[in-house]
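Peer 1: Here you go, coords.pdb (PDB, C-alpha atoms):
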ATOM      1  CA  ARG A   1      -5.517 -16.910  -9.371
ATOM      2  CA  ASN A   2      -4.829 -16.763 -13.122
ATOM      3  CA  LEU A   3      -5.641 -20.484 -13.591
ATOM      4  CA  ASP A   4      -2.274 -21.378 -15.173
ATOM      5  CA  GLY A   5      -1.698 -24.243 -12.706
ATOM      6  CA  LYS A   6       1.192 -22.499 -10.910
ATOM      7  CA  TRP A   7       1.178 -21.158  -7.365
ATOM      8  CA  ASP A   8       0.519 -17.422  -7.149
ATOM      9  CA  GLU A   9      -0.966 -17.112  -3.660
ATOM     10  CA  TRP A  10       0.334 -18.455  -0.375
ATOM     11  CA  THR A  11      -1.552 -18.241   2.914
ATOM     12  CA  TYR A  12      -0.108 -18.935   6.344
ATOM     13  CA  TYR A  13      -1.992 -20.062   9.447
ATOM     14  CA  ASN A  14      -1.102 -20.788  13.051
ATOM     15  CA  HIS A  15      -3.555 -23.063  14.881
ATOM     16  CA  GLY A  16      -6.334 -22.077  12.479
ATOM     17  CA  GLN A  17      -5.590 -18.363  12.807
ATOM     18  CA  PHE A  18      -4.979 -16.620   9.450
ATOM     19  CA  LEU A  19      -1.664 -14.779   9.872
ATOM     20  CA  ARG A  20      -0.524 -13.563   6.469
ATOM     21  CA  ALA A  21      -0.759 -13.942   2.734
ATOM     22  CA  GLU A  22       1.740 -13.576  -0.068
ATOM     23  CA  LEU A  23       0.606 -12.834  -3.621
ATOM     24  CA  ASP A  24       2.354 -13.073  -6.974
ATOM     25  CA  ASN A  25       0.730 -10.323  -9.034
ATOM     26  CA  ASN A  26       2.910 -10.621 -12.146
ATOM     27  CA  PHE A  27       2.775 -14.460 -12.100
ATOM     28  CA  ASP A  28       6.538 -15.010 -12.183
ATOM     29  CA  GLY A  29       6.474 -17.509  -9.283
ATOM     30  CA  LYS A  30       7.750 -15.031  -6.654
ATOM     31  CA  PRO A  31       5.592 -13.081  -4.182
ATOM     32  CA  ASP A  32       5.403  -9.315  -4.649
ATOM     33  CA  GLU A  33       2.676  -8.451  -2.158
ATOM     34  CA  TRP A  34       2.640  -9.349   1.527
ATOM     35  CA  ILE A  35      -0.424  -8.861   3.736
ATOM     36  CA  THR A  36      -0.521  -9.274   7.519
ATOM     37  CA  TYR A  37      -3.789 -10.164   9.275
ATOM     38  CA  SER A  38      -5.192 -10.086  12.780
ATOM     39  CA  ASN A  39      -8.416 -12.014  13.431
ATOM     40  CA  PHE A  40      -8.805 -12.545   9.656
ATOM     41  CA  ILE A  41      -8.716  -8.763   9.038
ATOM     42  CA  PRO A  42      -5.840  -7.081   7.160
ATOM     43  CA  VAL A  43      -3.757  -4.729   9.314
ATOM     44  CA  SER A  44      -0.832  -3.943   7.006
ATOM     45  CA  ALA A  45       0.504  -4.731   3.563
ATOM     46  CA  GLU A  46       3.650  -4.253   1.518
ATOM     47  CA  LYS A  47       3.796  -4.312  -2.261
ATOM     48  CA  ASP A  48       6.675  -4.528  -4.717
ATOM     49  CA  THR A  49       5.334  -2.409  -7.572
ATOM     50  CA  ASP A  50       8.374  -2.719  -9.864
ATOM     51  CA  PHE A  51       8.825  -6.482  -9.254
ATOM     52  CA  ASN A  52      12.473  -6.320  -8.157
ATOM     53  CA  GLY A  53      11.873  -8.186  -4.869
ATOM     54  CA  VAL A  54      11.896  -5.075  -2.635
ATOM     55  CA  PRO A  55       8.660  -3.470  -1.351
ATOM     56  CA  ASP A  56       7.785   0.029  -2.620
ATOM     57  CA  ALA A  57       4.335   0.668  -1.104
ATOM     58  CA  PHE A  58       3.333   0.210   2.546
ATOM     59  CA  ALA A  59      -0.337   0.179   3.546
ATOM     60  CA  ILE A  60      -1.933   0.688   6.954
ATOM     61  CA  TYR A  61      -5.454  -0.604   7.620
ATOM     62  CA  SER A  62      -8.054   0.147  10.275
ATOM     63  CA  ASN A  63     -10.855  -2.361  10.769
ATOM     64  CA  GLY A  64      -9.795  -4.028   7.512
ATOM     65  CA  ILE A  65     -10.082  -0.822   5.445
ATOM     66  CA  VAL A  66      -7.018   0.846   3.950
ATOM     67  CA  GLN A  67      -6.294   4.219   5.568
ATOM     68  CA  GLU A  68      -2.949   5.211   4.147
ATOM     69  CA  ILE A  69      -0.298   4.003   1.717
ATOM     70  CA  ASP A  70       3.251   5.306   1.911
ATOM     71  CA  VAL A  71       5.277   5.072  -1.284
ATOM     72  CA  ARG A  72       8.933   4.441  -0.490
ATOM     73  CA  PRO A  73      10.667   3.152  -3.645
ATOM     74  CA  ASN A  74      12.852   0.137  -2.942
ATOM     75  CA  ASN A  75      12.078   0.457   0.772
ATOM     76  CA  SER A  76      13.875   3.811   0.965
ATOM     77  CA  GLN A  77      14.072   5.514   4.327
ATOM     78  CA  PHE A  78      11.599   8.288   3.526
ATOM     79  CA  THR A  79       8.173   8.537   1.942
ATOM     80  CA  VAL A  80       7.995  10.258  -1.454
ATOM     81  CA  GLN A  81       4.189   9.997  -1.706
ATOM     82  CA  ARG A  82       1.422   9.367   0.799
ATOM     83  CA  TRP A  83      -2.013   8.256  -0.387
ATOM     84  CA  ILE A  84      -4.764   8.971   2.133
ATOM     85  CA  TYR A  85      -8.067   7.117   2.008
ATOM     86  CA  ARG A  86     -11.423   7.994   3.559
ATOM     87  CA  ASN A  87     -14.131   5.330   3.631
ATOM     88  CA  ASP A  88     -11.960   3.091   1.426
ATOM     89  CA  VAL A  89     -11.740   5.781  -1.298
ATOM     90  CA  LEU A  90      -8.548   7.636  -2.212
ATOM     91  CA  SER A  91      -9.074  11.246  -1.123
ATOM     92  CA  GLU A  92      -5.596  12.844  -1.063
ATOM     93  CA  ILE A  93      -2.120  12.306  -2.452
ATOM     94  CA  TRP A  94       0.760  14.044  -0.711
ATOM     95  CA  ARG A  95       3.785  14.343  -3.052
ATOM     96  CA  GLY A  96       7.411  15.376  -2.907
ATOM     97  CA  GLY A  97       8.204  13.960   0.518
ATOM     98  CA  ASP A  98      11.681  14.418   1.903
ATOM     99  CA  SER A  99      13.752  12.830   4.662
ATOM    100  CA  ASN A 100      12.155  15.145   7.268
ATOM    101  CA  GLY A 101       8.598  14.030   6.482
ATOM    102  CA  VAL A 102       7.783  17.285   4.694
ATOM    103  CA  PHE A 103       5.761  17.166   1.477
ATOM    104  CA  LYS A 104       5.649  19.833  -1.263
ATOM    105  CA  GLU A 105       2.194  19.222  -2.746
ATOM    106  CA  ILE A 106      -1.210  17.936  -1.687
ATOM    107  CA  VAL A 107      -3.814  16.987  -4.281
ATOM    108  CA  LYS A 108      -7.354  16.326  -3.057
ATOM    109  CA  TYR A 109      -9.790  14.145  -4.993
ATOM    110  CA  ASP A 110     -13.524  13.586  -5.108
ATOM    111  CA  PRO A 111     -14.910  10.012  -4.889
ATOM    112  CA  PHE A 112     -14.577   9.644  -8.679
ATOM    113  CA  PHE A 113     -10.830  10.476  -8.593
ATOM    114  CA  ASN A 114     -11.257  13.941 -10.062
ATOM    115  CA  ALA A 115      -8.763  16.420  -8.614
ATOM    116  CA  THR A 116     -10.648  19.078  -6.684
ATOM    117  CA  ASN A 117      -7.836  21.057  -5.066
ATOM    118  CA  THR A 118      -4.060  21.310  -5.234
ATOM    119  CA  GLN A 119      -1.958  22.962  -2.558
ATOM    120  CA  PHE A 120       1.740  23.793  -2.828
ATOM    121  CA  GLY A 121       4.030  24.581   0.087
ATOM    122  CA  GLU A 122       5.577  22.614   2.905
ATOM    123  CA  PHE A 123       3.267  20.179   4.673
ATOM    124  CA  SER A 124       4.407  18.076   7.596
ATOM    125  CA  SER A 125       3.275  14.483   7.859
ATOM    126  CA  LYS A 126       3.567  14.558  11.642
TER     127      LYS A 126
END
What is this file in structure tokens?
Peer 2:
Amino acid sequence: RNLDGKWDEWTYYNHGQFLRAELDNNFDGKPDEWITYSNFIPVSAEKDTDFNGVPDAFAIYSNGIVQEIDVRPNNSQFTVQRWIYRNDVLSEIWRGGDSNGVFKEIVKYDPFFNATNTQFGEFSSK
């Protein structure tokens, strides 16, 4: 992908069916993003944002469009941030998540990523 002659994308198939892809986004020779597909459409993804080999962000897709990304640093047991998308555009970030799935802040955004509203309190993700 960066034209340096080294592998930085791996794709896996089973009988012609596209199953998953692994991407090396910092070009160190090791994958740091893993995407799972069904019928050639992404259904989930994991991304190692600090490049230590452990996923930190977990995406859920619907009809190939990202719906939600949970940020769980180093694959921790609870979500510290949740990014919510509408029509493939980030519309909300829930912050301050704890082990009970309760968040302390919700920031809403317009389509140009300008904050339009911030709420503080206790918001359940369930």
Peer 1: When you look at Phe58 of chain A with a cut-off of 7 Å (counting only C-alpha atoms), what residues show up, excluding the ones that are within fewer than 3 positions of it in the same chain? I need them as a VMD selection string.
Peer 2: chain A and resid 45 to 47 69 to 71
Peer 1: Go ahead and write the residues just picked, C-alpha atoms, as a short mmCIF file (atom, residue, chain, number, x, y, z; two decimals), keeping the file's coordinate frame.
Peer 2:
data_model
loop_
_atom_site.label_atom_id
_atom_site.label_comp_id
_atom_site.auth_asym_id
_atom_site.auth_seq_id
_atom_site.Cartn_x
_atom_site.Cartn_y
_atom_site.Cartn_z
CA ALA A 45 0.50 -4.73 3.56
CA GLU A 46 3.65 -4.25 1.52
CA LYS A 47 3.80 -4.31 -2.26
CA ILE A 69 -0.30 4.00 1.72
CA ASP A 70 3.25 5.31 1.91
CA VAL A 71 5.28 5.07 -1.28
#
Peer 1: Check which residues satisfy the PyMOL selection byres ((chain A and resi 31) around 10) in the file shown, then give them as a ChimeraX atom specification.
Peer 2: /A:7-10,21-30,32-34,47-48,51,53
Peer 1: Using the file's own x, y and z axes, so that the box edges lie along x, y and z, what centre and edge lengths in Å (one decimal) does a box around every listed atom of segment 18-26 of chain A get when 5 Å is added on each side? Give it as AutoDock Vina command-line options.
Peer 2:
--center_x -1.0 --center_y -13.5 --center_z -1.1 --size_x 17.9 --size_y 16.3 --size_z 32.0
Peer 1: For segment 79-86 of chain A, please output as a short mmCIF file (atom, residue, chain, number, x, y, z; two decimals) with C-alpha atoms, keeping the file's coordinate frame all residues within 6 Å (counting all atoms listed in the file; exclusion window: fewer than 5 positions along the same chain).
Peer 2:
data_model
loop_
_atom_site.label_atom_id
_atom_site.label_comp_id
_atom_site.auth_asym_id
_atom_site.auth_seq_id
_atom_site.Cartn_x
_atom_site.Cartn_y
_atom_site.Cartn_z
CA GLN A 67 -6.29 4.22 5.57
CA GLU A 68 -2.95 5.21 4.15
CA ILE A 69 -0.30 4.00 1.72
CA ASP A 70 3.25 5.31 1.91
CA VAL A 71 5.28 5.07 -1.28
CA ARG A 72 8.93 4.44 -0.49
CA SER A 91 -9.07 11.25 -1.12
CA GLU A 92 -5.60 12.84 -1.06
CA ILE A 93 -2.12 12.31 -2.45
CA TRP A 94 0.76 14.04 -0.71
CA ARG A 95 3.78 14.34 -3.05
CA GLY A 96 7.41 15.38 -2.91
CA GLY A 97 8.20 13.96 0.52
#
Peer 1: Report as a PDB file with C-alpha atoms, keeping the file's coordinate frame the residues that result from applying the PyMOL selection byres ((chain A and resi 101-104) around 6) to the structure here.
Peer 2:
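Saved result, selection.pdb, follows:
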ATOM      1  CA  ARG A  95       3.785  14.343  -3.052  1.00  0.00           C
ATOM      2  CA  GLY A  96       7.411  15.376  -2.907  1.00  0.00           C
ATOM      3  CA  GLY A  97       8.204  13.960   0.518  1.00  0.00           C
ATOM      4  CA  ASP A  98      11.681  14.418   1.903  1.00  0.00           C
ATOM      5  CA  SER A  99      13.752  12.830   4.662  1.00  0.00           C
ATOM      6  CA  ASN A 100      12.155  15.145   7.268  1.00  0.00           C
ATOM      7  CA  GLU A 105       2.194  19.222  -2.746  1.00  0.00           C
ATOM      8  CA  PHE A 120       1.740  23.793  -2.828  1.00  0.00           C
ATOM      9  CA  GLY A 121       4.030  24.581   0.087  1.00  0.00           C
ATOM     10  CA  GLU A 122       5.577  22.614   2.905  1.00  0.00           C
ATOM     11  CA  PHE A 123       3.267  20.179   4.673  1.00  0.00           C
ATOM     12  CA  SER A 124       4.407  18.076   7.596  1.00  0.00           C
ATOM     13  CA  SER A 125       3.275  14.483   7.859  1.00  0.00           C
TER      14      SER A 125
END
